[in-house]
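Student: The structure is given below, and queries will be raised subsequently.
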Amino acid sequence: PKFISAQRNMSRGKIHGSRSARSQGSFMKIIAYVVGSVGLLVIAYLHGQSEEVAPATVRDNDRHQTRSSEENIERPSTLAILQLQQARASTNSTSLDPTLGFEVLEQLPHDPQAFTQGLEYLPIPGERFIEGTGMQSRLREVDIASGRVLREVQLDPQYFGEGVTVFNGKVYQLTWRSFKAFVYNLTTFQRLETKTFDTEGWGLTNDGRSLIMSDGSERLFFRDPATFAVTRTVQVLDDKRKPVQSLNELEYVRGEVLANVWHSDRVARIDPTSGRLLGWIDLRGLHPSRNPMARGEDVLNGLAWDAARDRLWVTGKLWPALFRVALVGRPPRRAEGGG
């Protein structure tokens, strides 16, 4: 039913009209998700049964390194973003900030069968995440340290779960192409409301006032949490005024929107007021053991930030591990052919 519905939507041009690049991306996503879903579930199951999560190791010294647990206990994750913000403010620069790399501070288990679509830290005793998944679409509360699912709600099979965020004691969960968002009581997971919208649903976060949503294009939609009405829209453009498309999972960090780009290991840093691209975070090499049999779908797609203690976690679809990382300045690469 989801595939037939998606075909109808594409034929009516209801999603994005003449956006050829966006339509091509949607078609690729349909093929990857629908045709490959059964195979991915089998692979995820076998992966979870047979593979132990190896300790984080140094894979590329130009991008990251692992530190001992003693050093990592209280090390801030996003201080590098603050330093770049301060430098930009002092010079009034409009250029892209230098690309940030990462260091792994901690590696924790993650359900390798979870097709993660959204991740959010819960600032409550007990260290929990709210996680939204697709394929076998669920809303979950997860223990961070163990990766154990503490409770969950399964969506009806016609819905493909997408991004999630927590706002004022409620959990909001998008669906991909059903034009619906579900609102739950955070304490009980009881569904309270169903909101409607007229684009695809991809990523979701909030800035304490508005919900911020992506639809896989270069646009971010700011929505009223009570009505789900769009209050404003920004187009994300790079320093050459080119659209930054395929914006997916979102997280609001230090006054910026972090958005991972679908099917890449890059995270865009976005000014939520103007939509201007501020810079990039390069997370290549983070995945512990990407499985070629997953047909490229075990991609980065989970960002969660603990603002009080400045801790940033990253995971992805069908990943067996969750990483707490520190963002760092990346050393310049030697030019090919250079001395």
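Every chain in the structure tokens has a letter given in the order shown (A, B, ...), and although residue numbers restart at 1 in each chain, ligands are simply numbered from 1 in the order shown.
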Can you tell me which residues surround Glu200 of chain A at a distance of at most 8 Å, considering only C-alpha atoms, apart from same-chain residues fewer than 4 positions away, and format the answer as a PDB file with all heavy atoms, in the first residue's frame?
Tutor:
```
ATOM      1  N   ILE A  15       4.020  16.443  -4.410  1.00  0.00           N
ATOM      2  CA  ILE A  15       5.064  16.685  -3.423  1.00  0.00           C
ATOM      3  C   ILE A  15       5.854  17.947  -3.737  1.00  0.00           C
ATOM      4  O   ILE A  15       5.858  18.879  -2.980  1.00  0.00           O
ATOM      5  CB  ILE A  15       6.014  15.473  -3.329  1.00  0.00           C
ATOM      6  CG1 ILE A  15       5.202  14.208  -3.027  1.00  0.00           C
ATOM      7  CG2 ILE A  15       7.049  15.693  -2.235  1.00  0.00           C
ATOM      8  CD1 ILE A  15       4.459  14.249  -1.718  1.00  0.00           C
ATOM      9  N   THR A 175       5.540  11.111   9.627  1.00  0.00           N
ATOM     10  CA  THR A 175       5.511   9.983   8.698  1.00  0.00           C
ATOM     11  C   THR A 175       6.053  10.467   7.355  1.00  0.00           C
ATOM     12  O   THR A 175       6.046  11.667   7.057  1.00  0.00           O
ATOM     13  CB  THR A 175       4.098   9.416   8.517  1.00  0.00           C
ATOM     14  OG1 THR A 175       3.229  10.452   8.002  1.00  0.00           O
ATOM     15  CG2 THR A 175       3.563   8.894   9.838  1.00  0.00           C
ATOM     16  N   TRP A 176       6.526   9.524   6.557  1.00  0.00           N
ATOM     17  CA  TRP A 176       7.240   9.883   5.332  1.00  0.00           C
ATOM     18  C   TRP A 176       6.315  10.471   4.265  1.00  0.00           C
ATOM     19  O   TRP A 176       6.413  11.641   3.907  1.00  0.00           O
ATOM     20  CB  TRP A 176       7.975   8.656   4.810  1.00  0.00           C
ATOM     21  CG  TRP A 176       8.686   8.849   3.501  1.00  0.00           C
ATOM     22  CD1 TRP A 176       9.203  10.014   3.005  1.00  0.00           C
ATOM     23  CD2 TRP A 176       8.958   7.846   2.524  1.00  0.00           C
ATOM     24  NE1 TRP A 176       9.785   9.804   1.784  1.00  0.00           N
ATOM     25  CE2 TRP A 176       9.653   8.489   1.464  1.00  0.00           C
ATOM     26  CE3 TRP A 176       8.700   6.487   2.454  1.00  0.00           C
ATOM     27  CZ2 TRP A 176      10.074   7.787   0.328  1.00  0.00           C
ATOM     28  CZ3 TRP A 176       9.138   5.795   1.332  1.00  0.00           C
ATOM     29  CH2 TRP A 176       9.807   6.441   0.292  1.00  0.00           C
ATOM     30  N   ARG A 177       5.402   9.652   3.733  1.00  0.00           N
ATOM     31  CA  ARG A 177       4.578  10.120   2.612  1.00  0.00           C
ATOM     32  C   ARG A 177       3.095   9.990   2.901  1.00  0.00           C
ATOM     33  O   ARG A 177       2.282   9.923   1.978  1.00  0.00           O
ATOM     34  CB  ARG A 177       4.946   9.341   1.344  1.00  0.00           C
ATOM     35  CG  ARG A 177       6.425   9.407   1.009  1.00  0.00           C
ATOM     36  CD  ARG A 177       6.689   9.078  -0.431  1.00  0.00           C
ATOM     37  NE  ARG A 177       6.255  10.162  -1.312  1.00  0.00           N
ATOM     38  CZ  ARG A 177       6.544  10.245  -2.597  1.00  0.00           C
ATOM     39  NH1 ARG A 177       7.279   9.311  -3.165  1.00  0.00           N
ATOM     40  NH2 ARG A 177       6.110  11.250  -3.314  1.00  0.00           N
ATOM     41  N   SER A 178       2.741   9.971   4.161  1.00  0.00           N
ATOM     42  CA  SER A 178       1.324   9.871   4.533  1.00  0.00           C
ATOM     43  C   SER A 178       0.739  11.211   4.927  1.00  0.00           C
ATOM     44  O   SER A 178      -0.446  11.296   5.264  1.00  0.00           O
ATOM     45  CB  SER A 178       1.153   8.877   5.696  1.00  0.00           C
ATOM     46  OG  SER A 178       1.599   7.597   5.325  1.00  0.00           O
ATOM     47  N   PHE A 179       1.570  12.266   4.926  1.00  0.00           N
ATOM     48  CA  PHE A 179       1.134  13.627   5.249  1.00  0.00           C
ATOM     49  C   PHE A 179       0.554  13.741   6.659  1.00  0.00           C
ATOM     50  O   PHE A 179      -0.340  14.542   6.910  1.00  0.00           O
ATOM     51  CB  PHE A 179       0.104  14.123   4.217  1.00  0.00           C
ATOM     52  CG  PHE A 179       0.521  13.912   2.786  1.00  0.00           C
ATOM     53  CD1 PHE A 179      -0.148  13.009   1.982  1.00  0.00           C
ATOM     54  CD2 PHE A 179       1.607  14.596   2.257  1.00  0.00           C
ATOM     55  CE1 PHE A 179       0.248  12.792   0.673  1.00  0.00           C
ATOM     56  CE2 PHE A 179       2.007  14.386   0.945  1.00  0.00           C
ATOM     57  CZ  PHE A 179       1.331  13.488   0.148  1.00  0.00           C
ATOM     58  N   ASP A 215      11.971  18.178   4.606  1.00  0.00           N
ATOM     59  CA  ASP A 215      11.192  17.314   3.713  1.00  0.00           C
ATOM     60  C   ASP A 215      12.057  16.672   2.648  1.00  0.00           C
ATOM     61  O   ASP A 215      11.564  16.181   1.636  1.00  0.00           O
ATOM     62  CB  ASP A 215      10.044  18.095   3.065  1.00  0.00           C
ATOM     63  CG  ASP A 215      10.504  19.144   2.063  1.00  0.00           C
ATOM     64  OD1 ASP A 215      11.712  19.489   2.070  1.00  0.00           O
ATOM     65  OD2 ASP A 215       9.669  19.631   1.280  1.00  0.00           O
ATOM     66  N   GLY A 216      13.379  16.667   2.844  1.00  0.00           N
ATOM     67  CA  GLY A 216      14.287  16.069   1.884  1.00  0.00           C
ATOM     68  C   GLY A 216      14.746  17.013   0.789  1.00  0.00           C
ATOM     69  O   GLY A 216      15.582  16.635  -0.024  1.00  0.00           O
TER      70      GLY A 216
END
```
Student: For Arg219 of chain A, please output as number ranges by chain all residues within 12 Å (counting only C-alpha atoms; exclusion window: fewer than 5 positions along the same chain).
Tutor: A: 16, 22, 199-203, 212-214, 232-237, 243-248, 259, 270, 272, 274-277
Student: Ranking A:Phe160, A:Arg254, A:Leu283, A:Leu303 by minimum distance to Thr78 of chain A and counting only C-alpha atoms, which one comes first?
Tutor: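 Smallest separation from Thr78 of chain A among the options: A:Arg254.
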Student: Using atom CA of Leu258 of chain A and atom CA of Arg324 of chain A as the two end points, give the distance in Å to one decimal.
Tutor: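 Atom-to-atom, atom CA of Leu258 of chain A to atom CA of Arg324 of chain A, that is 15.6 Å.
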Student: Would you work out the distance separating atom CA of Val267 of chain A from atom CA of Phe102 of chain A, expressed in Å to one decimal?
Tutor: 11.6 Å
Student: So how many Å separate atom CA of Ala229 of chain A and atom CA of Glu152 of chain A, to one decimal?
Tutor: 27.6 Å
